[in-house]
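Raw contents of my_file23.txt, compact mmCIF, C-alpha atoms:
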```txt
# COMPACT_ATOMS: atom_id res chain seq x y z
CA PHE A 98 141.64 156.48 136.08
CA MET A 99 143.26 155.08 132.96
CA LEU A 100 141.47 152.83 130.51
CA GLY A 101 144.43 151.00 129.04
CA ASP A 102 147.21 153.47 128.30
CA GLU A 103 145.25 155.48 125.73
CA MET A 104 142.23 156.88 127.60
CA LEU A 105 142.02 158.91 130.79
CA ILE A 106 138.67 159.34 132.56
CA ALA A 107 138.48 161.93 135.33
CA PRO A 108 135.16 161.86 137.26
CA ILE A 109 134.31 165.07 139.08
CA TYR A 110 133.07 164.61 142.63
CA ASP A 111 132.99 168.27 143.64
CA PRO A 112 129.60 170.08 143.21
CA SER A 113 131.50 173.01 141.67
CA GLY A 114 132.24 170.89 138.57
CA LYS A 115 135.98 171.56 138.99
CA ARG A 116 138.97 169.35 139.61
CA SER A 117 142.67 169.08 138.96
CA LEU A 118 144.19 166.07 137.24
CA TYR A 119 147.53 164.87 136.00
CA LEU A 120 147.94 164.15 132.29
CA PRO A 121 150.62 161.48 131.75
CA GLN A 122 153.26 161.75 129.02
CA GLY A 123 151.91 162.34 125.52
CA VAL A 124 149.54 164.66 123.73
CA TRP A 125 145.95 164.38 124.94
CA THR A 126 142.63 165.48 123.43
CA ASN A 127 139.64 166.40 125.58
CA LEU A 128 136.77 164.55 123.86
CA ALA A 129 134.20 167.16 124.93
CA THR A 130 136.10 170.21 123.63
CA ASN A 131 138.55 168.75 121.05
CA GLU A 132 141.29 170.72 122.85
CA GLU A 133 144.83 169.30 122.53
CA LEU A 134 146.84 169.29 125.74
CA GLN A 135 150.48 168.45 126.36
CA GLY A 136 151.00 165.76 129.01
CA ARG A 137 153.41 165.42 131.92
CA ARG A 138 151.64 168.16 133.81
CA SER A 139 148.67 168.88 136.05
CA ILE A 140 145.69 170.82 134.70
CA GLU A 141 142.51 172.31 136.11
CA ILE A 142 139.22 171.46 134.40
CA GLU A 143 135.66 172.64 134.85
CA THR A 144 132.81 170.82 133.15
CA LYS A 145 129.31 169.42 133.66
CA ALA A 146 130.20 166.33 131.55
CA LEU A 147 132.42 163.38 132.42
CA PRO A 148 135.95 164.43 131.40
CA VAL A 149 137.44 161.91 128.97
CA PHE A 150 140.83 162.34 127.29
CA ALA A 151 142.35 160.32 124.42
CA ARG A 152 146.10 160.05 123.91
CA ASN A 153 147.70 160.82 120.54
CA GLY A 154 147.85 157.55 118.56
CA THR A 155 144.43 156.26 119.63
CA ILE A 156 141.31 155.11 117.79
CA VAL A 157 138.11 155.50 119.81
CA PRO A 158 135.04 153.80 118.27
CA LEU A 159 131.71 155.37 119.25
CA ASP A 160 128.12 154.82 118.14
CA ALA A 161 126.91 157.48 115.73
CA PRO A 162 123.68 158.16 113.80
CA ALA A 163 125.40 157.15 110.55
CA GLY A 164 126.91 153.90 111.91
CA MET A 165 130.13 153.69 113.88
CA ALA A 166 132.33 156.77 114.36
CA LEU A 167 136.05 156.01 114.51
CA HIS A 168 137.76 158.94 116.24
CA TYR A 169 141.47 158.93 115.45
CA PHE A 170 143.97 161.18 117.20
CA PRO A 171 146.96 161.19 114.85
CA LYS A 172 150.64 161.90 114.82
CA LEU A 173 151.23 158.28 115.89
CA ALA A 174 149.97 155.06 114.32
CA ALA A 175 147.03 153.30 115.97
CA GLU A 176 145.08 150.08 115.81
CA PHE A 177 141.91 148.80 117.42
CA PHE A 178 140.08 145.47 117.35
CA ILE A 179 136.29 145.22 117.64
CA LEU A 180 134.94 141.93 118.93
CA GLU A 181 131.87 141.16 116.81
CA ARG A 182 128.84 139.09 117.93
CA ASP A 183 130.55 135.87 116.85
CA VAL A 184 133.54 135.65 119.20
CA ASN A 185 135.67 134.28 116.35
CA ASP A 186 135.19 137.49 114.35
CA TRP A 187 137.29 140.60 114.91
CA THR A 188 137.01 143.78 112.88
CA GLN A 189 140.43 145.42 112.66
CA LEU A 190 141.02 149.16 112.39
CA HIS A 191 144.40 150.66 111.52
CA ALA A 192 145.54 154.27 111.04
CA ALA A 193 149.02 155.52 110.28
CA PRO A 194 150.54 158.79 109.08
CA ALA A 195 153.41 158.50 106.59
CA ASP A 196 155.16 161.51 105.08
CA ASP A 197 152.49 163.49 103.17
CA ILE A 198 149.71 160.86 103.33
CA MET A 199 147.73 159.10 106.03
CA ARG A 200 146.50 155.54 105.60
CA LEU A 201 143.22 154.44 107.20
CA GLU A 202 142.18 150.78 106.98
CA ILE A 203 139.11 148.80 108.02
CA GLN A 204 139.06 145.00 107.81
CA SER A 205 135.40 144.49 108.59
CA LYS A 206 133.84 141.15 109.53
CA VAL A 207 130.27 142.54 109.30
CA PRO A 208 128.64 144.99 106.90
CA ARG A 209 128.67 148.40 108.56
CA ASP A 210 128.71 152.13 107.88
CA TYR A 211 131.77 153.84 109.34
CA GLU A 212 132.75 157.47 109.76
CA TRP A 213 136.40 158.20 110.39
CA VAL A 214 136.91 161.42 112.37
CA VAL A 215 140.56 162.44 112.09
CA HIS A 216 141.17 165.07 114.77
CA HIS A 217 143.61 167.99 114.48
CA ALA A 218 144.17 167.57 110.75
CA GLU A 219 144.79 170.05 107.97
CA LYS A 220 142.42 170.10 104.99
CA PRO A 221 143.47 167.38 102.54
CA SER A 222 144.02 167.82 98.81
CA SER A 223 142.30 164.49 98.14
CA VAL A 224 140.82 161.43 99.85
CA GLY A 225 140.52 157.98 98.25
CA PHE A 226 142.45 154.90 97.24
CA GLU A 227 143.82 153.96 93.83
CA GLN A 228 141.06 154.71 91.28
CA GLN A 229 138.33 155.45 93.87
CA LYS A 230 138.23 159.15 94.77
CA TYR A 231 135.99 160.26 97.63
CA ILE A 232 133.75 163.27 97.01
CA GLU A 233 134.07 166.40 99.18
CA ALA A 234 130.77 167.34 100.87
CA THR A 235 129.75 170.96 101.45
CA SER A 236 128.60 170.22 105.03
CA HIS A 237 128.65 167.41 107.56
CA ALA A 238 124.89 166.95 107.06
CA ALA A 239 125.50 166.39 103.32
CA LEU A 240 128.23 163.77 103.92
CA LYS A 241 127.49 160.42 102.27
CA ALA A 242 129.33 157.11 101.92
CA GLN A 243 132.59 157.46 99.97
CA GLY A 244 132.63 161.16 100.82
CA TRP A 245 134.55 163.51 103.08
CA PHE A 246 133.98 166.80 104.87
CA TYR A 247 136.53 169.08 106.51
CA ASP A 248 135.37 170.97 109.62
CA ALA A 249 137.76 173.94 109.57
CA SER A 250 136.57 175.31 112.94
CA LEU A 251 137.60 172.11 114.78
CA LYS A 252 140.28 170.99 112.28
CA ASN A 253 138.56 167.60 112.04
CA LEU A 254 138.31 165.55 108.86
CA HIS A 255 135.20 163.34 108.49
CA ILE A 256 135.27 160.43 106.01
CA ARG A 257 132.32 158.07 105.47
CA ALA A 258 132.61 154.57 104.09
CA HIS A 259 130.31 151.58 103.84
CA VAL A 260 132.29 148.37 104.27
CA GLU A 261 130.90 144.93 103.45
CA ALA A 262 131.60 141.80 105.50
CA GLY A 263 135.02 140.41 104.59
CA GLU A 264 136.06 143.61 102.83
CA ASP A 265 139.37 145.34 103.45
CA ARG A 266 138.78 149.09 102.89
CA VAL A 267 141.87 151.28 102.58
CA ILE A 268 141.62 155.07 102.42
CA HIS A 269 144.52 157.43 101.73
CA ILE A 270 144.40 161.06 102.80
CA ASN A 271 146.71 163.25 100.72
CA TRP A 272 147.97 166.70 101.68
```
Please render this file's structure as structure tokens.
Amino acid sequence: FMLGDEMLIAPIYDPSGKRSLYLPQGVWTNLATNEELQGRRSIEIETKALPVFARNGTIVPLDAPAGMALHYFPKLAAEFFILERDVNDWTQLHAAPADDIMRLEIQSKVPRDYEWVVHHAEKPSSVGFEQQKYIEATSHAALKAQGWFYDASLKNLHIRAHVEAGEDRVIHINW
């Protein structure tokens, strides 16, 4: 079934752990494997986990040990709104590629630690905004706020930021 037009969830009812499914138009990422798949075709999958796919141009917020992980599947711009405890407060997330940079933005209504996970990215030359340069970590375990780590095996870029309530945090990724 589809969750909006950006997520596809494909429960497996067969004890073999296999099923076929149709991926609609677009480029899809299997959240369990980080594999990119072209849409408009049927595929066969085998897994013990619940198959979940995100379409290119999606932000998927997930709980993480270091706060909230914001998984972004680029090539297209994306936005997401988080309803906070006070129903009048919305945290806004925006991501957009543009030429040789990518702009990530968090307009947070509550203080929170965030970790952007930009999937299927090349290693950047720098990460930051204006005078604030983020520091490259040597491992994901060593990643701290205002830092970044590139996982070459998955081609995922991890960026951590602490954002205060009412703050608008912009991050540019340069290639």
*For Glu176 in chain A, list every protein, DNA or RNA residue within 10 Å, evaluated using only C-alpha atoms, and leave out those in the same chain fewer than 5 positions away; present the list as a list in words.*
Gly154, Thr155, Ile156, Val157, Tyr169, Gln189, Leu190, His191, Ala192, Ala193, Leu201, Glu202 and Ile203 of chain A
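Closest approach to Gln122 in chain A among A:Leu240, A:Ala151, A:Ala146, A:Asp186 is made by A:Ala151 (distances from all atoms listed in the file).
Using only C-alpha atoms, the set of residues no farther than 10 Å from the position (141.1, 157.8, 122.0) comprises Leu100, Asp102, Glu103, Met104, Leu105, Trp125, Thr126, Asn127, Leu128, Val149, Phe150, Ala151, Arg152, Asn153, Gly154, Thr155, Ile156, Val157, Pro158, Leu167, His168, Tyr169, Phe170, Pro171 and Ala175 of chain A.
Shortest atom-to-atom contact with Thr144 in chain A among A:Pro121, A:Gly263, A:Pro108, A:Pro208: A:Pro108, counting only C-alpha atoms.
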*With only C-alpha atoms as the basis for distance, which of A:Arg116, A:Lys252, A:His259, A:His269 is at the shortest distance from Lys230 in chain A?*
A:His269
*Near range 254-256 of chain A, counting all atoms listed in the file, which residues have an atom at most 8 Å away, once you skip same-chain residues fewer than 4 positions from it, shown as a ChimeraX atom specification?*
/A:212-216,218-220,237,242-248
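Atom to atom, CA of Arg257 in chain A and CA of Ser236 in chain A stand 12.7 Å apart.
Distances here use only C-alpha atoms; by that measure, the residue among A:Met99, A:Leu134, A:Leu159, A:Ile270 closest to Tyr231 in chain A is A:Ile270.
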*May I ask for the distance between CA of Asp210 in chain A and CA of Val124 in chain A, given in Å to one decimal place?*
29.0 Å
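Atom pair CA of Leu251 in chain A / CA of Met165 in chain A has a distance of 19.9 Å (rounded to one decimal).
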*Can you list, as an MDAnalysis selection string, every protein, DNA or RNA residue that comes within 7 Å of Ala107 in chain A when you count only C-alpha atoms, leaving out same-chain residues fewer than 4 positions away?*
chainID A and resid 98 147:149
With C-alpha atoms retained, could you export that selection as a JSON list (two decimals), keeping the file's coordinate frame?
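Generated output (result21.json):
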```json
[["chain", "number", "residue", "atom", "x", "y", "z"],
["A", 98, "PHE", "CA", 141.64, 156.48, 136.08],
["A", 147, "LEU", "CA", 132.42, 163.38, 132.42],
["A", 148, "PRO", "CA", 135.95, 164.43, 131.40],
["A", 149, "VAL", "CA", 137.44, 161.91, 128.97]]
```
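The residue that comes closest to Thr130 in chain A, out of A:Ser223, A:Ser250, A:Thr235, A:Gln228 and on the basis of all atoms listed in the file, is A:Ser250.
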*Which protein, DNA or RNA residues are at most 7 Å from (147.9, 172.3, 137.0) in the file's coordinates when you count all atoms listed in the file, listed as an NGL selection string?*
:A and (117 or 138-141)
Next, write the just-selected residues to a file, as a short mmCIF file (atom, residue, chain, number, x, y, z; two decimals), in the frame of the given file, keeping C-alpha atoms as the atom set.
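So the final result, stored in again-v3.cif, reads:
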```cif
data_model
loop_
_atom_site.label_atom_id
_atom_site.label_comp_id
_atom_site.auth_asym_id
_atom_site.auth_seq_id
_atom_site.Cartn_x
_atom_site.Cartn_y
_atom_site.Cartn_z
CA SER A 117 142.67 169.08 138.96
CA ARG A 138 151.64 168.16 133.81
CA SER A 139 148.67 168.88 136.05
CA ILE A 140 145.69 170.82 134.70
CA GLU A 141 142.51 172.31 136.11
#
```
*Excluding same-chain residues fewer than 2 positions from Ser113 in chain A, what lies within 10 Å of it counting all atoms listed in the file, as a VMD selection string?*
chain A and resid 109 to 111 115 to 116 143 to 145
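With only C-alpha atoms as the atoms that count, the minimum distance from Asn253 in chain A to the choices A:Arg200, A:Arg209, A:His217, A:Arg182 is reached by A:His217.
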Since the input lacks some atoms of range 260-271 of chain A, please model all heavy atoms and print them as an mmCIF file, in the coordinates of the input.
```
data_model
loop_
_atom_site.group_PDB
_atom_site.id
_atom_site.type_symbol
_atom_site.label_atom_id
_atom_site.label_comp_id
_atom_site.auth_asym_id
_atom_site.auth_seq_id
_atom_site.Cartn_x
_atom_site.Cartn_y
_atom_site.Cartn_z
ATOM 1 N N VAL A 260 131.385 149.499 104.454
ATOM 2 C CA VAL A 260 132.290 148.370 104.270
ATOM 3 C C VAL A 260 131.489 147.090 104.410
ATOM 4 O O VAL A 260 130.771 146.908 105.394
ATOM 5 C CB VAL A 260 133.459 148.412 105.293
ATOM 6 C CG1 VAL A 260 134.442 147.291 105.026
ATOM 7 C CG2 VAL A 260 134.171 149.763 105.249
ATOM 8 N N GLU A 261 131.611 146.209 103.436
ATOM 9 C CA GLU A 261 130.900 144.930 103.450
ATOM 10 C C GLU A 261 131.665 143.916 104.312
ATOM 11 O O GLU A 261 132.860 144.083 104.570
ATOM 12 C CB GLU A 261 130.756 144.383 102.023
ATOM 13 C CG GLU A 261 129.827 145.190 101.143
ATOM 14 C CD GLU A 261 128.380 145.171 101.628
ATOM 15 O OE1 GLU A 261 127.962 144.201 102.289
ATOM 16 O OE2 GLU A 261 127.668 146.154 101.327
ATOM 17 N N ALA A 262 130.972 142.875 104.734
ATOM 18 C CA ALA A 262 131.600 141.800 105.500
ATOM 19 C C ALA A 262 132.718 141.174 104.675
ATOM 20 O O ALA A 262 132.538 140.885 103.494
ATOM 21 C CB ALA A 262 130.568 140.753 105.889
ATOM 22 N N GLY A 263 133.876 141.006 105.272
ATOM 23 C CA GLY A 263 135.020 140.410 104.590
ATOM 24 C C GLY A 263 135.812 141.376 103.735
ATOM 25 O O GLY A 263 136.832 141.010 103.160
ATOM 26 N N GLU A 264 135.374 142.609 103.651
ATOM 27 C CA GLU A 264 136.060 143.610 102.830
ATOM 28 C C GLU A 264 137.188 144.262 103.606
ATOM 29 O O GLU A 264 137.101 144.460 104.815
ATOM 30 C CB GLU A 264 135.056 144.673 102.373
ATOM 31 C CG GLU A 264 135.650 145.717 101.444
ATOM 32 C CD GLU A 264 134.649 146.789 101.037
ATOM 33 O OE1 GLU A 264 133.462 146.686 101.376
ATOM 34 O OE2 GLU A 264 135.074 147.745 100.378
ATOM 35 N N ASP A 265 138.243 144.581 102.890
ATOM 36 C CA ASP A 265 139.370 145.340 103.450
ATOM 37 C C ASP A 265 139.361 146.692 102.758
ATOM 38 O O ASP A 265 139.700 146.802 101.593
ATOM 39 C CB ASP A 265 140.678 144.596 103.181
ATOM 40 C CG ASP A 265 141.882 145.259 103.820
ATOM 41 O OD1 ASP A 265 141.712 146.240 104.569
ATOM 42 O OD2 ASP A 265 143.006 144.791 103.570
ATOM 43 N N ARG A 266 138.910 147.756 103.480
ATOM 44 C CA ARG A 266 138.780 149.090 102.890
ATOM 45 C C ARG A 266 139.972 149.941 103.323
ATOM 46 O O ARG A 266 140.192 150.169 104.505
ATOM 47 C CB ARG A 266 137.480 149.739 103.370
ATOM 48 C CG ARG A 266 137.291 151.185 102.957
ATOM 49 C CD ARG A 266 137.161 151.388 101.453
ATOM 50 N NE ARG A 266 136.080 150.615 100.875
ATOM 51 C CZ ARG A 266 134.868 151.082 100.661
ATOM 52 N NH1 ARG A 266 134.569 152.313 100.940
ATOM 53 N NH2 ARG A 266 133.956 150.289 100.121
ATOM 54 N N VAL A 267 140.721 150.404 102.340
ATOM 55 C CA VAL A 267 141.870 151.280 102.580
ATOM 56 C C VAL A 267 141.514 152.671 102.045
ATOM 57 O O VAL A 267 140.953 152.793 100.958
ATOM 58 C CB VAL A 267 143.137 150.743 101.887
ATOM 59 C CG1 VAL A 267 144.297 151.715 102.043
ATOM 60 C CG2 VAL A 267 143.497 149.368 102.440
ATOM 61 N N ILE A 268 141.846 153.685 102.822
ATOM 62 C CA ILE A 268 141.620 155.070 102.420
ATOM 63 C C ILE A 268 142.938 155.826 102.616
ATOM 64 O O ILE A 268 143.548 155.721 103.692
ATOM 65 C CB ILE A 268 140.514 155.728 103.259
ATOM 66 C CG1 ILE A 268 139.199 154.951 103.127
ATOM 67 C CG2 ILE A 268 140.325 157.201 102.879
ATOM 68 C CD1 ILE A 268 138.150 155.332 104.149
ATOM 69 N N HIS A 269 143.347 156.560 101.612
ATOM 70 C CA HIS A 269 144.520 157.430 101.730
ATOM 71 C C HIS A 269 144.053 158.875 101.774
ATOM 72 O O HIS A 269 143.230 159.294 100.959
ATOM 73 C CB HIS A 269 145.468 157.248 100.553
ATOM 74 C CG HIS A 269 146.279 155.995 100.631
ATOM 75 N ND1 HIS A 269 147.117 155.604 99.623
ATOM 76 C CD2 HIS A 269 146.393 155.057 101.612
ATOM 77 C CE1 HIS A 269 147.711 154.474 99.955
ATOM 78 N NE2 HIS A 269 147.278 154.121 101.152
ATOM 79 N N ILE A 270 144.619 159.613 102.708
ATOM 80 C CA ILE A 270 144.400 161.060 102.800
ATOM 81 C C ILE A 270 145.674 161.711 102.303
ATOM 82 O O ILE A 270 146.765 161.414 102.802
ATOM 83 C CB ILE A 270 144.105 161.487 104.248
ATOM 84 C CG1 ILE A 270 142.898 160.712 104.802
ATOM 85 C CG2 ILE A 270 143.887 162.987 104.326
ATOM 86 C CD1 ILE A 270 142.749 160.823 106.309
ATOM 87 N N ASN A 271 145.550 162.566 101.310
ATOM 88 C CA ASN A 271 146.710 163.250 100.720
ATOM 89 C C ASN A 271 146.677 164.721 101.062
ATOM 90 O O ASN A 271 145.636 165.355 100.975
ATOM 91 C CB ASN A 271 146.699 163.080 99.195
ATOM 92 C CG ASN A 271 146.772 161.620 98.800
ATOM 93 O OD1 ASN A 271 147.796 161.004 98.924
ATOM 94 N ND2 ASN A 271 145.648 161.077 98.346
#
```
